[in-house]
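For reference, the structure is listed below as structure tokens.
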Amino acid sequence: MDINLLFLIELDNALQSESDISIQSFFDSFRKKHPHFEIFNPRFISMLLFAQIVMPWESLKHRLPKKIMLSDLDFEQWGYFKVLNHNPKHSIHKLDLRFFIRKLRNSISHNNFRINKDKSVTFRDKDNTKIKYEWEELIRLFSQLNSL
């Protein structure tokens, strides 16, 4: 069984059967049985990527601001990212936000992304563009997408 699902099932069972259990005591008990468990593990991060970008894409693409160029974004709100490899066909500064999010969506949908040991995520699109988000910055992106 997937460790994330097991964690949630056991947490749900504990909360239903023990009204005074704290999250910390449950987590400590679970980690004794599963010492390498991390909440934000690669599988969980993959599920978040799918749930935050791929699944809502059809409605998200209509809610994204129109004609907002990446060069005009407030990165404090949308999250900073690094372009590691870029196809010169598309100038990164001339990309609009909708096209950029679509590139991330395509990368996730086609399983062309890597979750690094530090929880940063490197996305690769079919044109071989590579974009890297640090975990904290990805959370900012999720927050902005959810606020639309």
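Each chain in the structure tokens gets a letter, A, B, ..., in the order shown, and its residues are numbered from 1; ligands are numbered from 1 in order too.
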
Enumerate, as a ChimeraX atom specification, the complete set of residues in region 14-96 of chain A that a backbone-based DSSP assignment places in strand (DSSP E or B).
-> /A:69,82-85,96

Show which residues sit within 8 Å of region 95-103 of chain A, as a PDB file with N, CA and C atoms, in the first residue's frame. Count only C-alpha atoms, and ignore same-chain residues fewer than 6 positions away.
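Saved the output as out.pdb:
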ATOM      1  N   ILE A  53      -2.231  21.494 -10.854  1.00  0.00           N
ATOM      2  CA  ILE A  53      -2.001  22.047 -12.191  1.00  0.00           C
ATOM      3  C   ILE A  53      -2.698  21.252 -13.285  1.00  0.00           C
ATOM      4  N   LYS A  61      -7.241  27.537 -17.198  1.00  0.00           N
ATOM      5  CA  LYS A  61      -6.790  28.317 -18.353  1.00  0.00           C
ATOM      6  C   LYS A  61      -7.740  29.477 -18.667  1.00  0.00           C
ATOM      7  N   LEU A  64      -6.873  32.217 -15.720  1.00  0.00           N
ATOM      8  CA  LEU A  64      -5.561  32.865 -15.718  1.00  0.00           C
ATOM      9  C   LEU A  64      -5.654  34.233 -16.382  1.00  0.00           C
ATOM     10  N   PRO A  65      -4.957  35.213 -15.828  1.00  0.00           N
ATOM     11  CA  PRO A  65      -4.993  36.544 -16.444  1.00  0.00           C
ATOM     12  C   PRO A  65      -4.543  36.470 -17.901  1.00  0.00           C
ATOM     13  N   LYS A  66      -5.243  37.166 -18.754  1.00  0.00           N
ATOM     14  CA  LYS A  66      -4.921  37.160 -20.181  1.00  0.00           C
ATOM     15  C   LYS A  66      -3.758  38.107 -20.470  1.00  0.00           C
ATOM     16  N   LYS A  67      -2.886  37.663 -21.321  1.00  0.00           N
ATOM     17  CA  LYS A  67      -1.778  38.485 -21.838  1.00  0.00           C
ATOM     18  C   LYS A  67      -0.848  39.026 -20.758  1.00  0.00           C
ATOM     19  N   ILE A  68      -0.709  38.305 -19.672  1.00  0.00           N
ATOM     20  CA  ILE A  68       0.289  38.678 -18.664  1.00  0.00           C
ATOM     21  C   ILE A  68       1.588  37.982 -19.054  1.00  0.00           C
ATOM     22  N   MET A  69       2.608  38.764 -19.319  1.00  0.00           N
ATOM     23  CA  MET A  69       3.888  38.214 -19.726  1.00  0.00           C
ATOM     24  C   MET A  69       4.680  37.813 -18.480  1.00  0.00           C
ATOM     25  N   LEU A  70       5.511  36.803 -18.619  1.00  0.00           N
ATOM     26  CA  LEU A  70       6.324  36.376 -17.478  1.00  0.00           C
ATOM     27  C   LEU A  70       7.181  37.521 -16.957  1.00  0.00           C
ATOM     28  N   ASP A 125       9.728  20.179 -20.825  1.00  0.00           N
ATOM     29  CA  ASP A 125       8.681  20.128 -21.835  1.00  0.00           C
ATOM     30  C   ASP A 125       9.224  19.429 -23.072  1.00  0.00           C
TER      31      ASP A 125
END

Which of chain A DSSP labels helix (DSSP H, G or I), written as a VMD selection string | chain A and resid 3 to 17 23 to 33 42 to 54 57 to 63 70 to 72 75 to 78 92 to 94 97 to 109 135 to 147

Residue neighbourhood Leu11 (chain A), 12 Å, only C-alpha atoms, exclusion window fewer than 2 positions, as a list in words =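 Answer for this query is Ile3, Asn4, Leu5, Leu6, Phe7, Leu8, Ile9, Asn13, Ala14, Leu15, Gln16, Ser17, Glu18, Ser19, Ile21, Ser22, Ile23, Gln24, Ser25, Phe26, Phe27, Asp28, Ser29 and Phe30 of chain A.
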
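The space between CA of Met1 (chain A) and CA of Leu48 (chain A) spans 18.5 Å.
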
Residues near Val83 (chain A), cut-off 9 Å, only C-alpha atoms, skip fewer than 5 positions along chain, as a VMD selection string | chain A and resid 92 129 to 132

Grab the CA of Asp72 (chain A) to CA of Asn106 (chain A) distance for me, in Å with one decimal place.
-> 22.8 Å

Determine the nearest neighbour of Lys117 (chain A) from the options A:Glu10, A:Glu38, A:Asp74, A:Glu137, counting only C-alpha atoms.
->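 Answer, going by the shortest atom-to-atom distance: A:Glu38.
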
Surrounding residues of Arg124 (chain A) excluding itself and chain neighbours under 2 positions, 10 Å, only C-alpha atoms, as a list in words =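 What passes the distance filter is Leu84, Asn85, His86, Lys103, Leu104, Asn106, Ser107, Ile108, His110, Asn111, Asn112, Phe113, Arg114, Val121, Thr122, Lys126, Asp127, Asn128, Thr129, Lys130, Ile131 and Lys132 of chain A.
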
Polymer residues at most 8 Å from Val54 (chain A), only C-alpha atoms, same-chain spacing of 5 or more positions, as number ranges by chain | A: 49, 105, 108-109

Go ahead and write the residues just picked, N, CA and C atoms, as a short mmCIF file (atom, residue, chain, number, x, y, z; two decimals), in the first residue's frame.
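That gives us part_21.cif:
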data_model
loop_
_atom_site.label_atom_id
_atom_site.label_comp_id
_atom_site.auth_asym_id
_atom_site.auth_seq_id
_atom_site.Cartn_x
_atom_site.Cartn_y
_atom_site.Cartn_z
N LEU A 49 1.23 18.08 -7.62
CA LEU A 49 1.41 18.68 -8.94
C LEU A 49 0.23 18.34 -9.84
N ARG A 105 2.07 22.09 -17.05
CA ARG A 105 1.03 21.07 -17.12
C ARG A 105 1.43 19.93 -18.06
N ILE A 108 4.06 17.71 -16.43
CA ILE A 108 3.49 16.82 -15.41
C ILE A 108 2.67 15.72 -16.07
N SER A 109 1.84 16.09 -17.02
CA SER A 109 0.96 15.12 -17.68
C SER A 109 1.72 14.02 -18.39
#

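Between CA of Ile139 (chain A) and CA of Gly79 (chain A) the interatomic distance comes to 7.7 Å.
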
Compare A:Ile115, A:Leu60, A:Ala51, A:Leu148 by their minimum atom-to-atom distance to Trp135 (chain A), counting only C-alpha atoms, and give me the closest one.
->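 When distances to Trp135 (chain A) are compared using only C-alpha atoms, the smallest one comes from A:Ile115.
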